[in-house]
$ cat coords.cif   # mmCIF, C-alpha atoms
data_target
loop_
_atom_site.label_atom_id
_atom_site.label_comp_id
_atom_site.auth_asym_id
_atom_site.auth_seq_id
_atom_site.Cartn_x
_atom_site.Cartn_y
_atom_site.Cartn_z
CA MET A 1 20.36 -76.26 50.19
CA THR A 2 19.47 -75.66 53.84
CA ARG A 3 17.56 -72.41 54.28
CA CYS A 4 17.95 -70.40 57.48
CA ALA A 5 16.18 -67.33 58.80
CA VAL A 6 18.11 -65.33 61.39
CA MET A 7 15.66 -63.19 63.32
CA GLY A 8 17.79 -60.38 64.71
CA THR A 9 20.78 -58.43 63.45
CA GLY A 10 22.85 -57.71 66.53
CA SER A 11 26.50 -58.73 66.60
CA TRP A 12 25.88 -62.38 67.54
CA GLY A 13 22.98 -62.84 65.13
CA THR A 14 25.00 -61.35 62.29
CA ALA A 15 28.07 -63.44 63.14
CA PHE A 16 25.99 -66.62 63.27
CA ALA A 17 24.42 -65.74 59.92
CA MET A 18 27.95 -65.63 58.54
CA VAL A 19 28.71 -69.05 60.10
CA LEU A 20 25.60 -70.56 58.51
CA ALA A 21 26.47 -69.07 55.12
CA ASP A 22 30.06 -70.30 55.35
CA ALA A 23 28.65 -73.76 56.11
CA GLY A 24 26.75 -73.66 52.82
CA CYS A 25 23.31 -72.46 53.93
CA GLU A 26 21.10 -69.87 52.26
CA VAL A 27 20.58 -67.19 54.91
CA VAL A 28 18.02 -64.40 55.28
CA LEU A 29 18.55 -61.86 58.06
CA TRP A 30 15.47 -60.18 59.53
CA ALA A 31 15.94 -56.63 60.84
CA ARG A 32 13.53 -54.00 62.13
CA ARG A 33 15.19 -51.04 60.39
CA GLN A 34 15.18 -50.57 56.63
CA GLU A 35 18.47 -48.66 56.66
CA LEU A 36 20.25 -51.65 58.17
CA VAL A 37 18.66 -53.98 55.61
CA ASP A 38 19.80 -51.69 52.82
CA ALA A 39 23.35 -51.63 54.19
CA VAL A 40 23.55 -55.42 54.42
CA ASN A 41 22.14 -55.91 50.92
CA SER A 42 24.25 -53.23 49.23
CA THR A 43 27.58 -53.46 51.08
CA HIS A 44 27.38 -56.98 52.62
CA GLU A 45 28.21 -55.45 55.98
CA ASN A 46 26.37 -54.71 59.23
CA PRO A 47 27.76 -51.22 59.97
CA ASP A 48 26.01 -50.90 63.33
CA TYR A 49 27.25 -54.05 65.03
CA LEU A 50 30.05 -55.63 62.98
CA PRO A 51 31.65 -52.80 61.00
CA GLY A 52 34.45 -53.89 58.70
CA VAL A 53 33.30 -57.52 58.55
CA ARG A 54 32.19 -58.58 55.07
CA LEU A 55 29.30 -61.01 55.03
CA PRO A 56 29.10 -63.78 52.42
CA ASP A 57 27.13 -62.94 49.29
CA SER A 58 24.61 -65.67 50.20
CA VAL A 59 23.41 -63.56 53.18
CA ARG A 60 20.63 -61.10 52.43
CA ALA A 61 18.39 -59.04 54.69
CA THR A 62 14.72 -58.03 54.89
CA THR A 63 12.32 -56.23 57.22
CA ASP A 64 9.55 -58.67 56.22
CA ALA A 65 9.34 -61.50 58.77
CA ALA A 66 7.15 -63.56 56.43
CA GLU A 67 9.78 -63.33 53.70
CA ALA A 68 12.54 -64.32 56.12
CA LEU A 69 10.65 -67.32 57.52
CA ALA A 70 9.27 -68.64 54.24
CA GLY A 71 10.62 -72.13 53.58
CA ALA A 72 13.10 -71.98 56.48
CA ASP A 73 14.58 -75.24 57.73
CA PHE A 74 15.91 -73.38 60.77
CA ALA A 75 14.66 -70.11 62.27
CA VAL A 76 17.40 -68.70 64.48
CA LEU A 77 15.98 -66.47 67.21
CA VAL A 78 18.44 -63.88 68.47
CA VAL A 79 16.53 -60.94 69.96
CA PRO A 80 16.86 -59.62 73.55
CA SER A 81 15.50 -62.30 75.87
CA GLN A 82 12.81 -60.12 77.41
CA THR A 83 11.34 -59.30 73.97
CA LEU A 84 11.14 -62.90 72.76
CA ARG A 85 7.55 -63.61 73.80
CA ASP A 86 6.11 -60.56 72.03
CA ASN A 87 8.16 -61.18 68.90
CA LEU A 88 7.10 -64.82 68.76
CA ALA A 89 3.45 -63.89 69.10
CA ALA A 90 3.79 -62.02 65.81
CA TRP A 91 5.97 -64.61 64.09
CA THR A 92 4.17 -67.84 65.07
CA PRO A 93 1.55 -67.71 62.27
CA LEU A 94 4.43 -67.42 59.77
CA ILE A 95 6.40 -70.45 61.01
CA GLU A 96 6.14 -73.43 58.69
CA PRO A 97 5.65 -77.04 59.87
CA GLN A 98 9.20 -78.15 59.01
CA THR A 99 10.96 -75.22 60.67
CA VAL A 100 13.16 -75.91 63.70
CA LEU A 101 13.36 -72.94 66.10
CA VAL A 102 16.88 -72.26 67.33
CA SER A 103 17.56 -70.06 70.35
CA LEU A 104 20.82 -68.11 70.49
CA MET A 105 19.54 -66.12 73.49
CA LYS A 106 21.06 -66.47 76.94
CA GLY A 107 18.52 -65.29 79.44
CA ILE A 108 15.63 -66.18 81.74
CA GLU A 109 12.27 -64.47 81.27
CA LEU A 110 11.26 -61.98 83.92
CA GLY A 111 8.04 -62.80 85.74
CA THR A 112 7.78 -66.40 84.58
CA ALA A 113 11.39 -67.52 85.29
CA LYS A 114 11.20 -69.59 82.10
CA ARG A 115 14.14 -70.53 79.93
CA MET A 116 14.05 -69.35 76.33
CA SER A 117 13.23 -72.81 74.95
CA GLU A 118 10.28 -72.99 77.35
CA VAL A 119 9.01 -69.62 76.11
CA ILE A 120 9.41 -70.75 72.49
CA ASP A 121 7.50 -73.98 73.06
CA GLU A 122 4.79 -72.28 75.12
CA VAL A 123 4.10 -69.61 72.49
CA THR A 124 4.51 -71.65 69.30
CA LYS A 125 3.48 -75.09 70.62
CA VAL A 126 5.88 -76.78 68.19
CA GLY A 127 7.07 -79.34 70.78
CA PRO A 128 10.55 -79.84 72.25
CA GLY A 129 11.75 -81.83 69.24
CA ARG A 130 11.57 -78.67 67.13
CA VAL A 131 13.33 -76.37 69.61
CA ALA A 132 17.12 -76.23 69.74
CA VAL A 133 19.65 -74.02 71.50
CA VAL A 134 23.20 -72.93 70.71
CA SER A 135 25.46 -72.13 73.63
CA GLY A 136 29.13 -71.87 74.41
CA PRO A 137 31.94 -69.33 74.28
CA ASN A 138 30.38 -67.20 71.53
CA LEU A 139 32.14 -63.84 71.50
CA ALA A 140 30.70 -62.50 68.26
CA LYS A 141 33.61 -60.37 67.09
CA GLU A 142 36.08 -63.26 67.29
CA ILE A 143 33.73 -65.59 65.42
CA ALA A 144 33.07 -62.90 62.81
CA ASN A 145 36.83 -62.74 62.31
CA ARG A 146 36.70 -66.51 61.73
CA GLN A 147 38.88 -67.33 64.73
CA PRO A 148 38.56 -70.99 65.83
CA ALA A 149 35.71 -71.57 68.28
CA ALA A 150 33.48 -74.39 69.46
CA SER A 151 29.90 -74.48 70.72
CA VAL A 152 27.14 -76.83 71.77
CA VAL A 153 23.93 -77.37 69.79
CA ALA A 154 21.32 -79.00 71.98
CA CYS A 155 17.88 -80.44 71.27
CA ALA A 156 15.73 -83.07 72.94
CA ASP A 157 15.71 -84.81 69.55
CA GLU A 158 19.30 -85.88 68.89
CA ALA A 159 18.67 -86.19 65.15
CA VAL A 160 17.61 -82.55 65.01
CA ALA A 161 20.72 -81.55 66.94
CA LYS A 162 22.85 -83.36 64.38
CA ARG A 163 21.06 -81.62 61.51
CA LEU A 164 21.75 -78.26 63.12
CA GLN A 165 25.35 -79.30 63.75
CA ALA A 166 25.80 -79.96 60.02
CA ALA A 167 24.17 -76.63 59.15
CA CYS A 168 26.68 -74.57 61.17
CA HIS A 169 29.91 -76.60 60.98
CA THR A 170 32.71 -74.66 59.31
CA PRO A 171 36.54 -74.87 59.37
CA TYR A 172 36.56 -72.30 62.19
CA PHE A 173 33.29 -73.12 64.04
CA ARG A 174 33.02 -76.59 65.60
CA PRO A 175 29.59 -77.46 67.06
CA TYR A 176 29.13 -80.43 69.42
CA THR A 177 25.73 -82.02 70.00
CA ASN A 178 23.91 -82.55 73.27
CA THR A 179 20.38 -83.44 74.36
CA ASP A 180 20.67 -81.55 77.67
CA VAL A 181 18.77 -78.41 76.71
CA VAL A 182 18.23 -77.43 80.37
CA GLY A 183 21.92 -77.52 81.22
CA CYS A 184 23.02 -75.68 78.10
CA GLU A 185 20.51 -72.89 78.62
CA LEU A 186 21.22 -72.46 82.33
CA GLY A 187 24.95 -72.33 81.69
CA GLY A 188 24.43 -69.56 79.14
CA ALA A 189 22.01 -67.55 81.29
CA VAL A 190 23.80 -67.71 84.64
CA LYS A 191 27.27 -67.04 83.20
CA ASN A 192 26.07 -63.55 82.25
CA VAL A 193 25.31 -62.84 85.91
CA ILE A 194 28.66 -64.21 87.07
CA GLY A 195 30.28 -62.13 84.33
CA LEU A 196 28.77 -59.03 85.93
CA ALA A 197 30.21 -60.05 89.31
CA VAL A 198 33.69 -60.67 87.91
CA GLY A 199 33.54 -57.37 86.05
CA MET A 200 32.63 -55.57 89.28
CA ALA A 201 35.62 -57.14 91.01
CA ALA A 202 37.93 -56.05 88.20
CA GLY A 203 36.48 -52.54 88.29
CA MET A 204 37.21 -52.40 92.01
CA GLY A 205 40.85 -53.19 91.26
CA LEU A 206 40.74 -56.71 92.70
CA GLY A 207 43.02 -59.41 91.31
CA ASP A 208 42.95 -62.86 89.83
CA ASN A 209 42.35 -64.71 93.11
CA THR A 210 39.06 -62.87 93.54
CA LYS A 211 38.06 -63.41 89.93
CA ALA A 212 38.92 -67.12 90.06
CA THR A 213 36.91 -67.46 93.25
CA LEU A 214 33.85 -65.85 91.67
CA ILE A 215 34.16 -67.96 88.51
CA THR A 216 34.46 -71.29 90.31
CA ARG A 217 31.87 -70.55 92.97
CA GLY A 218 29.60 -69.15 90.27
CA LEU A 219 29.92 -72.43 88.40
CA ALA A 220 29.02 -74.27 91.61
CA GLU A 221 25.86 -72.15 91.97
CA THR A 222 24.92 -72.85 88.36
CA THR A 223 25.46 -76.58 88.78
CA ARG A 224 23.35 -76.68 91.96
CA LEU A 225 20.45 -75.04 90.17
CA GLY A 226 20.91 -77.24 87.12
CA GLU A 227 20.82 -80.47 89.09
CA VAL A 228 17.57 -79.47 90.80
CA LEU A 229 16.04 -78.70 87.39
CA GLY A 230 17.12 -82.02 85.90
CA ALA A 231 20.23 -80.97 83.97
CA ASP A 232 23.22 -83.26 83.53
CA PRO A 233 25.95 -81.87 85.84
CA HIS A 234 28.60 -82.88 83.29
CA THR A 235 27.21 -80.22 80.94
CA PHE A 236 28.54 -77.49 83.24
CA ALA A 237 32.09 -78.80 82.93
CA GLY A 238 31.97 -78.38 79.14
CA LEU A 239 31.67 -75.65 76.53
CA ALA A 240 28.16 -74.57 77.53
CA GLY A 241 29.22 -74.30 81.18
CA MET A 242 32.82 -73.61 82.06
CA GLY A 243 33.79 -72.68 78.49
CA ASP A 244 31.18 -69.96 78.17
CA LEU A 245 31.78 -68.78 81.73
CA VAL A 246 35.55 -68.34 81.22
CA ALA A 247 35.07 -66.40 77.98
CA THR A 248 32.47 -64.08 79.50
CA CYS A 249 34.43 -63.46 82.68
CA SER A 250 37.82 -62.87 81.05
CA SER A 251 37.24 -61.03 77.78
CA PRO A 252 36.95 -57.27 77.22
CA LEU A 253 34.57 -58.21 74.38
CA SER A 254 32.05 -59.46 76.94
CA ARG A 255 29.23 -56.94 77.39
CA ASN A 256 28.34 -58.28 80.85
CA ASN A 257 31.95 -58.17 82.05
CA THR A 258 32.35 -54.60 80.79
CA PHE A 259 29.02 -53.56 82.33
CA GLY A 260 30.07 -54.97 85.70
CA MET A 261 33.48 -53.31 85.44
CA ASN A 262 31.88 -49.91 85.01
CA LEU A 263 29.71 -50.51 88.08
CA GLY A 264 32.79 -51.58 90.04
CA ARG A 265 34.53 -48.35 89.05
CA GLY A 266 31.71 -46.39 90.66
CA MET A 267 29.47 -45.57 87.70
CA SER A 268 25.75 -45.54 88.44
CA LEU A 269 23.39 -48.00 86.78
CA ALA A 270 22.01 -45.23 84.54
CA GLU A 271 25.50 -44.12 83.51
CA THR A 272 26.53 -47.69 82.77
CA ILE A 273 23.42 -48.36 80.67
CA ALA A 274 24.05 -45.15 78.72
CA ALA A 275 27.63 -46.26 77.99
CA THR A 276 26.53 -49.72 76.75
CA ARG A 277 25.33 -49.92 73.13
CA GLN A 278 24.13 -53.51 73.14
CA THR A 279 22.09 -55.60 75.56
CA ALA A 280 23.94 -56.97 78.58
CA GLU A 281 21.57 -59.88 79.24
CA GLY A 282 22.72 -60.40 82.82
CA VAL A 283 21.38 -57.01 83.92
CA LYS A 284 17.77 -58.14 83.65
CA SER A 285 18.32 -61.88 83.87
CA CYS A 286 20.01 -61.67 87.27
CA GLU A 287 16.55 -61.00 88.76
CA SER A 288 14.88 -63.84 86.89
CA VAL A 289 17.75 -66.26 87.65
CA LEU A 290 17.39 -65.43 91.34
CA ASP A 291 13.61 -65.87 91.06
CA LEU A 292 14.12 -69.29 89.44
CA ALA A 293 16.56 -70.30 92.18
CA ARG A 294 14.24 -69.25 94.99
CA ARG A 295 11.29 -71.06 93.41
CA ASN A 296 13.38 -74.22 93.53
CA GLY A 297 14.98 -73.70 96.94
CA VAL A 298 18.51 -73.23 95.60
CA ASP A 299 20.97 -70.89 97.32
CA MET A 300 22.81 -68.60 94.85
CA PRO A 301 24.65 -65.97 96.91
CA ILE A 302 26.69 -64.49 94.03
CA VAL A 303 23.58 -64.01 91.94
CA GLU A 304 21.84 -62.47 94.95
CA ALA A 305 24.75 -60.06 95.45
CA VAL A 306 24.61 -58.99 91.81
CA VAL A 307 20.88 -58.27 92.08
CA GLU A 308 21.52 -56.18 95.19
CA VAL A 309 24.13 -54.07 93.41
CA VAL A 310 22.46 -53.74 90.02
CA HIS A 311 18.83 -53.27 91.05
CA ASN A 312 18.89 -52.21 94.69
CA GLY A 313 21.84 -49.81 94.60
CA ARG A 314 23.97 -51.64 97.12
CA PRO A 315 27.66 -50.60 97.01
CA THR A 316 29.89 -53.23 95.41
CA GLN A 317 32.30 -53.25 98.35
CA GLU A 318 29.48 -53.93 100.79
CA ALA A 319 28.12 -56.75 98.63
CA LEU A 320 31.59 -58.32 98.48
CA GLN A 321 31.99 -58.14 102.25
CA THR A 322 28.65 -59.88 102.72
CA LEU A 323 29.73 -62.69 100.38
CA MET A 324 33.05 -63.17 102.17
CA SER A 325 31.47 -63.22 105.62
CA ARG A 326 28.99 -65.99 104.84
CA SER A 327 29.10 -68.99 107.13
CA ALA A 328 30.92 -72.00 105.73
CA LYS A 329 27.83 -74.02 106.65
CA ALA A 330 25.60 -71.87 104.45
CA GLU A 331 26.47 -73.75 101.29
CA ARG A 332 27.12 -77.29 100.24
CA ARG A 333 30.80 -77.95 99.66
CA ARG A 334 31.57 -78.36 96.00
#
$ encode --input "coords.cif" --output "structure tokens"
Amino acid sequence: MTRCAVMGTGSWGTAFAMVLADAGCEVVLWARRQELVDAVNSTHENPDYLPGVRLPDSVRATTDAAEALAGADFAVLVVPSQTLRDNLAAWTPLIEPQTVLVSLMKGIELGTAKRMSEVIDEVTKVGPGRVAVVSGPNLAKEIANRQPAASVVACADEAVAKRLQAACHTPYFRPYTNTDVVGCELGGAVKNVIGLAVGMAAGMGLGDNTKATLITRGLAETTRLGEVLGADPHTFAGLAGMGDLVATCSSPLSRNNTFGMNLGRGMSLAETIAATRQTAEGVKSCESVLDLARRNGVDMPIVEAVVEVVHNGRPTQEALQTLMSRSAKAERRR
């Protein structure tokens, strides 16, 4: 039986643990808090993040990272992006030679502008053939309710991607394989930032034309950056690109969309953070995505506008006006 450690018990980590168990894997969830571990083990439920969803009996939880990682074929990493490096520093001595490290995180590291797979490889030195990513329209609550969904599992080693595909393929969760790790990760990271922008527009009372404009132009920005970094542009037309972007920008279940909507309604950043229980990755990653773009000479005006609003206090209406007044010559046509 395939053994999987899921390092993190937020809504997406818990939902993916359920997917793995439904696919026939033995799953151990790692959590920081003993009370959450006790709840999972006694009631088969994560009351903090997925209340009312019963987890399969083959899912158990522990606060002991060594216990979770022991004998794991796959170690699924699903902690906030900006905490990954510190967590990995503690976990690396516990990772066994056969373990493939799987990133469910959709962010870019602040300061280094590295993708999550780059951080994993840099800290653990396992090599790209043992680092995989999962990306796509992954709204955790819908997947936890076993509604049909598809995703992309990507690894530089196609055989490893196929092994991971088999480990998480269920009647309701359909994974597709890809070797374009760069494209899959960028699609997942940048869509959070575009989700903030679309949420702001909705919060301002703007309609579907505005939202469609932000989604399509946001995809163009993502593709421009991806091409410069060596991604396959076709990736952005698929589940890890357009699919994930549409889900994030259109669903009330999207944390980034909801966060942006509250900003668009006039809430301050502090008020919006206080009203958000879980991590909205785009809030911090918008800065690192913009940093990555500037390092590579790529123009990303929507991302820049989001940074101005979220971190520099610029009014949303003013940021929108700046976007709309840009010269047509300022960007490549796409």
$ resolve_selection --input "coords.cif" --expression "the PyMOL selection byres ((chain A and resi 112) around 12)" --output "PyMOL selection string"
chain A and resi 82+85+107-111+113-116+118-119+122+285+287-292+295
$ residues_near_point --input "coords.cif" --point "(21.8, -57.9, 84.2)" --cutoff "10 Å" --atoms "all atoms listed in the file" --output "MDAnalysis selection string"
chainID A and resid 107 192:196 256 259:260 279:289 306:307 310:311
$ closest_residue --input "coords.cif" --among "A:Pro80, A:His44, A:Leu229, A:Val19" --to "Phe173 of chain A" --atoms "all atoms listed in the file"
A:Val19
$ residues_around --input "coords.cif" --residues "Thr222 of chain A" --least-positions-apart "4" --cutoff "9 Å" --atoms "only C-alpha atoms" --output "JSON, numbers by chain"
{"A": [186, 187, 190, 191, 217, 218, 226, 227, 236, 241, 300]}
$ atom_distance --input "coords.cif" --atom1 "atom CA of Gly230 of chain A" --atom2 "atom CA of Thr216 of chain A"
20.9 Å
